[in-house]
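Q: File follows, data-v5.cif with mmCIF, C-alpha atoms:
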```cif
data_my_file
#
loop_
_atom_site.label_atom_id
_atom_site.label_comp_id
_atom_site.auth_asym_id
_atom_site.auth_seq_id
_atom_site.Cartn_x
_atom_site.Cartn_y
_atom_site.Cartn_z
CA MET J 1 0.00 0.00 0.00
CA ASN J 2 1.50 3.35 -0.98
CA MET J 3 1.52 6.42 1.29
CA LYS J 4 -1.25 8.18 -0.63
CA THR J 5 -3.58 5.21 -0.23
CA ALA J 6 -2.68 4.82 3.45
CA ASP J 7 -3.27 8.54 4.02
CA ALA J 8 -6.67 8.36 2.30
CA LEU J 9 -7.68 5.33 4.37
CA LEU J 10 -6.61 7.06 7.57
CA THR J 11 -8.70 10.06 6.59
CA LEU J 12 -11.73 7.87 5.93
CA VAL J 13 -11.34 6.25 9.35
CA VAL J 14 -10.51 9.32 11.41
CA ILE J 15 -12.90 11.90 10.01
CA PRO J 16 -16.10 9.92 10.65
CA LEU J 17 -15.01 9.51 14.27
CA PHE J 18 -14.95 13.27 14.67
CA HIS J 19 -17.76 14.10 12.28
CA GLY J 20 -20.53 14.17 14.86
CA LEU J 21 -18.43 16.12 17.32
CA VAL J 22 -17.56 19.04 15.10
CA HIS J 23 -20.73 20.05 13.35
CA GLU J 24 -20.67 23.81 13.60
CA ALA J 25 -22.94 24.82 10.75
CA ALA J 26 -25.63 26.41 12.92
CA PRO J 27 -25.70 30.20 13.23
CA VAL J 28 -25.51 32.03 16.52
CA ALA J 29 -28.92 33.10 17.76
CA GLY J 30 -29.53 36.83 17.96
CA LEU J 31 -26.59 37.87 15.80
CA ASN J 32 -27.12 39.38 12.37
CA PRO J 33 -24.62 38.63 9.62
CA TYR J 34 -22.72 41.47 8.04
CA PRO J 35 -24.40 42.95 4.98
CA ALA J 36 -23.03 41.86 1.62
CA GLN J 37 -20.34 44.34 0.66
CA SER J 38 -17.12 42.56 -0.13
CA VAL J 39 -18.10 40.27 -2.98
CA THR J 40 -15.36 39.85 -5.58
CA ALA J 41 -14.13 37.30 -8.06
CA PRO J 42 -12.01 34.66 -6.31
CA ARG J 43 -8.31 35.48 -6.66
CA SER J 44 -6.72 32.09 -6.09
CA THR J 45 -7.18 28.71 -7.71
CA ALA J 46 -8.21 27.27 -4.34
CA ALA J 47 -10.86 29.96 -3.90
CA ARG J 48 -12.26 29.27 -7.36
CA GLU J 49 -12.34 25.55 -6.59
CA TYR J 50 -14.16 26.05 -3.26
CA LEU J 51 -16.70 28.27 -5.00
CA LEU J 52 -17.18 25.99 -8.02
CA SER J 53 -17.64 22.90 -5.84
CA HIS J 54 -20.20 24.65 -3.65
CA ASN J 55 -22.09 25.96 -6.66
CA GLN J 56 -22.17 22.52 -8.29
CA ALA J 57 -23.76 21.04 -5.15
CA ARG J 58 -26.24 23.91 -5.05
CA ALA J 59 -27.14 23.62 -8.74
CA ALA J 60 -27.88 19.92 -8.23
CA VAL J 61 -30.87 20.92 -6.05
CA GLY J 62 -31.88 24.05 -7.96
CA VAL J 63 -30.25 26.61 -5.65
CA GLY J 64 -28.56 29.70 -7.09
CA PRO J 65 -24.80 30.21 -6.89
CA LEU J 66 -22.83 31.67 -4.04
CA LYS J 67 -20.47 34.59 -4.61
CA TRP J 68 -16.95 34.78 -3.21
CA SER J 69 -16.44 37.19 -0.31
CA GLU J 70 -12.94 38.44 0.47
CA MET J 71 -14.19 39.50 3.90
CA LEU J 72 -15.28 35.93 4.69
CA ALA J 73 -12.13 34.50 3.10
CA ASN J 74 -9.99 36.78 5.26
CA ALA J 75 -11.93 35.79 8.39
CA THR J 76 -11.48 32.07 7.66
CA SER J 77 -7.83 32.61 6.81
CA ARG J 78 -7.19 34.32 10.15
CA LEU J 79 -9.00 31.53 12.00
CA VAL J 80 -7.21 28.62 10.31
CA ARG J 81 -3.83 30.34 10.77
CA TYR J 82 -4.59 30.75 14.48
CA GLN J 83 -5.64 27.10 14.73
CA ARG J 84 -2.44 26.07 12.93
CA ASN J 85 -0.12 28.28 14.97
CA LYS J 86 -1.71 27.85 18.41
CA LYS J 87 -3.81 24.67 18.28
CA ASN J 88 -1.97 22.34 15.84
CA CYS J 89 -4.92 22.33 13.41
CA GLN J 90 -7.50 21.29 16.01
CA PHE J 91 -11.14 22.06 15.28
CA ALA J 92 -12.10 25.68 15.78
CA LYS J 93 -14.94 26.84 18.00
CA LEU J 94 -17.29 28.42 15.48
CA GLY J 95 -20.17 29.09 17.88
CA GLY J 96 -19.43 32.76 18.62
CA ASN J 97 -19.44 33.65 14.97
CA LYS J 98 -21.92 35.74 12.99
CA PHE J 99 -21.73 33.44 9.98
CA GLY J 100 -22.67 29.91 9.11
CA GLY J 101 -19.63 27.68 9.15
CA ASN J 102 -18.38 24.27 8.09
CA GLN J 103 -15.02 22.77 8.97
CA LEU J 104 -13.13 19.62 8.11
CA TRP J 105 -10.05 18.10 9.74
CA ALA J 106 -8.07 15.70 7.57
CA SER J 107 -4.77 13.86 7.69
CA GLY J 108 -2.71 15.89 5.24
CA ALA J 109 -3.76 18.64 2.86
CA ARG J 110 -7.00 18.26 0.89
CA GLU J 111 -8.05 19.76 -2.40
CA PRO J 112 -10.89 22.29 -1.97
CA SER J 113 -13.20 20.14 -4.10
CA ALA J 114 -12.57 17.13 -1.81
CA VAL J 115 -13.42 19.25 1.24
CA VAL J 116 -16.72 20.45 -0.22
CA ASN J 117 -17.56 17.01 -1.61
CA TYR J 118 -17.07 15.55 1.87
CA TRP J 119 -19.76 17.89 3.20
CA ALA J 120 -22.00 17.43 0.14
CA GLN J 121 -21.92 13.63 0.31
CA ASP J 122 -24.43 13.76 3.16
CA LYS J 123 -27.08 14.66 0.57
CA GLU J 124 -27.89 10.94 0.37
CA PHE J 125 -28.94 10.97 4.04
CA TYR J 126 -31.05 14.16 3.88
CA ASP J 127 -34.82 13.81 3.36
CA TYR J 128 -36.32 17.01 2.01
CA VAL J 129 -39.95 16.02 2.67
CA SER J 130 -39.39 15.52 6.40
CA ASN J 131 -36.53 18.06 6.53
CA SER J 132 -34.49 15.55 8.50
CA CYS J 133 -31.41 13.41 8.33
CA ALA J 134 -31.26 9.62 8.46
CA PRO J 135 -30.57 8.15 11.91
CA ASN J 136 -26.90 8.15 12.93
CA HIS J 137 -26.01 10.75 10.31
CA ASP J 138 -25.47 14.49 10.48
CA CYS J 139 -26.56 16.52 7.46
CA GLY J 140 -25.81 19.99 8.83
CA GLU J 141 -22.71 20.55 6.71
CA TYR J 142 -24.63 19.53 3.58
CA THR J 143 -27.63 21.73 4.34
CA GLN J 144 -25.32 24.71 4.96
CA VAL J 145 -23.63 24.13 1.59
CA VAL J 146 -27.01 24.25 -0.20
CA TRP J 147 -28.79 26.78 2.06
CA ARG J 148 -30.76 28.95 -0.39
CA LYS J 149 -30.56 32.13 1.69
CA SER J 150 -26.76 31.97 2.00
CA LEU J 151 -25.32 34.21 -0.71
CA GLU J 152 -21.62 34.63 0.08
CA LEU J 153 -18.77 32.24 0.75
CA GLY J 154 -15.21 32.47 2.01
CA CYS J 155 -12.92 29.51 2.76
CA ALA J 156 -9.36 28.75 3.81
CA GLN J 157 -7.18 25.79 4.78
CA ALA J 158 -4.22 25.50 7.11
CA VAL J 159 -1.81 22.58 6.90
CA CYS J 160 0.03 21.26 9.94
CA ASP J 161 2.67 18.53 10.16
CA LYS J 162 0.28 15.62 9.72
CA SER J 163 -3.13 17.22 9.29
CA SER J 164 -5.09 20.08 7.82
CA LEU J 165 -8.06 22.17 8.84
CA SER J 166 -10.42 23.63 6.25
CA ILE J 167 -13.10 26.16 7.18
CA CYS J 168 -15.78 27.88 5.11
CA PHE J 169 -18.00 30.73 6.29
CA TYR J 170 -21.41 31.52 4.78
CA ASN J 171 -23.30 34.81 4.82
CA PRO J 172 -26.13 34.90 5.72
CA PRO J 173 -25.87 31.78 7.85
CA GLY J 174 -28.11 28.78 7.33
CA ASN J 175 -29.45 25.84 9.27
CA TYR J 176 -32.29 27.53 11.10
CA ASN J 177 -34.44 25.03 12.99
CA GLY J 178 -37.67 24.28 11.18
CA GLU J 179 -36.55 25.81 7.86
CA ARG J 180 -35.73 23.79 4.79
CA PRO J 181 -32.44 24.57 3.06
CA TYR J 182 -34.07 25.05 -0.36
#
```
Show this structure as structure tokens.
A:
Amino acid sequence: MNMKTADALLTLVVIPLFHGLVHEAAPVAGLNPYPAQSVTAPRSTAAREYLLSHNQARAAVGVGPLKWSEMLANATSRLVRYQRNKKNCQFAKLGGNKFGGNQLWASGAREPSAVVNYWAQDKEFYDYVSNSCAPNHDCGEYTQVVWRKSLELGCAQAVCDKSSLSICFYNPPGNYNGERPY
């Protein structure tokens, strides 16, 4: 088994163990997101890939595209750098944030499309009619990706010695109890 295969298998084993512990896609009650004002074309290849992957998942369920926000990208960049420098790429506490958020820890760096596809794969467990997720699954990252009222996106990734942390913020946030994502 080569290192790439071993790394991928480790990721598949480790991430599900943490998956239920790190869902942070719910917005903070009582806080209003910042108004849209910093929307630009993504500058980096990674930014374009995060945006394209999100918009493909959204298009699959008839939801309009997100736009890239440098303000959100800068906020996620600051947070992942802090987590890298001070916390060795541990999960961030997203609860005190004005935005919706998804995060993914992985062994080694991950392509932006792989990060978004990891969140989007929970589509198979989400039931639109009942607006619920199958037992023993968490669909919050998926529903945030496709949340119709979210209009802006910013993402970043930090890489540590043996892991990485990817975070995306969404404005306005999604995952309000009782509301369907689309």
Q: Please provide the set of residues having any atom within 9 Å of region 50-52 of chain J, restricted to all atoms listed in the file, with same-chain residues fewer than 5 positions apart removed, written as a compact mmCIF listing (two decimals) with C-alpha atoms, keeping the file's coordinate frame.
A:
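Resulting contents of part.txt:
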```
# COMPACT_ATOMS: atom_id res chain seq x y z
CA PRO J 42 -12.01 34.66 -6.31
CA THR J 45 -7.18 28.71 -7.71
CA ALA J 57 -23.76 21.04 -5.15
CA PRO J 65 -24.80 30.21 -6.89
CA LEU J 66 -22.83 31.67 -4.04
CA LYS J 67 -20.47 34.59 -4.61
CA TRP J 68 -16.95 34.78 -3.21
CA GLU J 111 -8.05 19.76 -2.40
CA PRO J 112 -10.89 22.29 -1.97
CA SER J 113 -13.20 20.14 -4.10
CA VAL J 115 -13.42 19.25 1.24
CA VAL J 116 -16.72 20.45 -0.22
CA LEU J 153 -18.77 32.24 0.75
CA GLY J 154 -15.21 32.47 2.01
CA CYS J 155 -12.92 29.51 2.76
CA ALA J 156 -9.36 28.75 3.81
CA CYS J 168 -15.78 27.88 5.11
```
Q: Counting only C-alpha atoms, figure out which residue out of J:Ser44, J:Gln121, J:Ser164, J:Ser69 gets nearest to Tyr142 (chain J).
A: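 Smallest separation from Tyr142 (chain J) among the options: J:Gln121.
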Q: Would you work out the distance separating CA of Ala47 (chain J) from CA of Lys162 (chain J), expressed in Å to one decimal?
A: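 We find that CA of Ala47 (chain J) and CA of Lys162 (chain J) lie 22.7 Å from each other.
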Q: Could you check which residues have any atom within 12 Å of (-35.6, 15.4, 6.5), counting all atoms listed in the file with coordinates taken straight from the file, and then list them as a ChimeraX atom specification?
A: /J:122-135,137-140,143,177-182
Q: Evaluated on this file, the PyMOL selection byres ((chain J and resi 109) around 6) picks out some residues - which ones are they, written as a PyMOL selection string?
A: chain J and resi 108+110+159+164
Q: When the PyMOL selection byres ((chain J and resi 145-150) around 7) is applied to the file above, which residues end up in the set, as number ranges by chain?
A: J: 54, 57-58, 63, 141-144, 151-152, 170-174, 181-182
Q: Work out how far CA of Thr76 (chain J) is from CA of Val61 (chain J), in Å to one decimal.
A: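 Value for the CA of Val61 (chain J)-CA of Thr76 (chain J) distance: 26.2 Å.
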Q: For the atom pair CA of Leu104 (chain J) and CA of Ser77 (chain J), what is the interatomic distance in Å to one decimal place?
A: 14.1 Å
Q: Can I get region 91-116 of chain J with N, CA and C atoms filled in, as an mmCIF file, in the coordinates of the input?
A:
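Writing done, so here's selection.cif:
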```cif
data_model
loop_
_atom_site.group_PDB
_atom_site.id
_atom_site.type_symbol
_atom_site.label_atom_id
_atom_site.label_comp_id
_atom_site.auth_asym_id
_atom_site.auth_seq_id
_atom_site.Cartn_x
_atom_site.Cartn_y
_atom_site.Cartn_z
ATOM 1 N N PHE J 91 -9.899 21.420 15.687
ATOM 2 C CA PHE J 91 -11.140 22.060 15.280
ATOM 3 C C PHE J 91 -11.294 23.406 15.972
ATOM 4 N N ALA J 92 -11.843 24.347 15.241
ATOM 5 C CA ALA J 92 -12.100 25.680 15.780
ATOM 6 C C ALA J 92 -13.467 25.701 16.458
ATOM 7 N N LYS J 93 -13.629 26.610 17.392
ATOM 8 C CA LYS J 93 -14.940 26.840 18.000
ATOM 9 C C LYS J 93 -15.620 27.915 17.154
ATOM 10 N N LEU J 94 -16.621 27.501 16.394
ATOM 11 C CA LEU J 94 -17.290 28.420 15.480
ATOM 12 C C LEU J 94 -18.542 29.038 16.083
ATOM 13 N N GLY J 95 -18.913 28.668 17.281
ATOM 14 C CA GLY J 95 -20.170 29.090 17.880
ATOM 15 C C GLY J 95 -20.341 30.572 18.116
ATOM 16 N N GLY J 96 -19.295 31.338 18.347
ATOM 17 C CA GLY J 96 -19.430 32.760 18.620
ATOM 18 C C GLY J 96 -19.339 33.614 17.382
ATOM 19 N N ASN J 97 -19.646 33.057 16.279
ATOM 20 C CA ASN J 97 -19.440 33.650 14.970
ATOM 21 C C ASN J 97 -20.749 34.147 14.398
ATOM 22 N N LYS J 98 -20.710 35.194 13.601
ATOM 23 C CA LYS J 98 -21.920 35.740 12.990
ATOM 24 C C LYS J 98 -22.294 35.045 11.688
ATOM 25 N N PHE J 99 -21.514 34.093 11.264
ATOM 26 C CA PHE J 99 -21.730 33.440 9.980
ATOM 27 C C PHE J 99 -22.017 31.967 10.168
ATOM 28 N N GLY J 100 -22.596 31.358 9.137
ATOM 29 C CA GLY J 100 -22.670 29.910 9.110
ATOM 30 C C GLY J 100 -21.264 29.390 8.870
ATOM 31 N N GLY J 101 -20.973 28.200 9.335
ATOM 32 C CA GLY J 101 -19.630 27.680 9.150
ATOM 33 C C GLY J 101 -19.589 26.170 9.040
ATOM 34 N N ASN J 102 -18.708 25.687 8.195
ATOM 35 C CA ASN J 102 -18.380 24.270 8.090
ATOM 36 C C ASN J 102 -16.884 24.129 8.259
ATOM 37 N N GLN J 103 -16.455 23.026 8.854
ATOM 38 C CA GLN J 103 -15.020 22.770 8.970
ATOM 39 C C GLN J 103 -14.751 21.285 8.786
ATOM 40 N N LEU J 104 -13.537 21.005 8.343
ATOM 41 C CA LEU J 104 -13.130 19.620 8.110
ATOM 42 C C LEU J 104 -11.674 19.469 8.527
ATOM 43 N N TRP J 105 -11.412 18.489 9.391
ATOM 44 C CA TRP J 105 -10.050 18.100 9.740
ATOM 45 C C TRP J 105 -9.705 16.896 8.888
ATOM 46 N N ALA J 106 -8.497 16.846 8.381
ATOM 47 C CA ALA J 106 -8.070 15.700 7.570
ATOM 48 C C ALA J 106 -6.599 15.424 7.843
ATOM 49 N N SER J 107 -6.191 14.192 7.603
ATOM 50 C CA SER J 107 -4.770 13.860 7.690
ATOM 51 C C SER J 107 -4.138 14.306 6.381
ATOM 52 N N GLY J 108 -3.331 15.333 6.441
ATOM 53 C CA GLY J 108 -2.710 15.890 5.240
ATOM 54 C C GLY J 108 -3.601 16.917 4.569
ATOM 55 N N ALA J 109 -3.029 17.612 3.608
ATOM 56 C CA ALA J 109 -3.760 18.640 2.860
ATOM 57 C C ALA J 109 -4.837 17.996 2.000
ATOM 58 N N ARG J 110 -5.911 18.732 1.752
ATOM 59 C CA ARG J 110 -7.000 18.260 0.890
ATOM 60 C C ARG J 110 -7.298 19.320 -0.161
ATOM 61 N N GLU J 111 -7.617 18.852 -1.348
ATOM 62 C CA GLU J 111 -8.050 19.760 -2.400
ATOM 63 C C GLU J 111 -9.379 20.383 -1.978
ATOM 64 N N PRO J 112 -9.617 21.657 -2.329
ATOM 65 C CA PRO J 112 -10.890 22.290 -1.970
ATOM 66 C C PRO J 112 -12.112 21.490 -2.427
ATOM 67 N N SER J 113 -12.051 20.918 -3.624
ATOM 68 C CA SER J 113 -13.200 20.140 -4.100
ATOM 69 C C SER J 113 -13.451 18.922 -3.212
ATOM 70 N N ALA J 114 -12.402 18.289 -2.696
ATOM 71 C CA ALA J 114 -12.570 17.130 -1.810
ATOM 72 C C ALA J 114 -13.200 17.551 -0.486
ATOM 73 N N VAL J 115 -12.834 18.731 0.001
ATOM 74 C CA VAL J 115 -13.420 19.250 1.240
ATOM 75 C C VAL J 115 -14.918 19.447 1.063
ATOM 76 N N VAL J 116 -15.303 20.160 0.013
ATOM 77 C CA VAL J 116 -16.720 20.450 -0.220
ATOM 78 C C VAL J 116 -17.485 19.157 -0.524
#
```
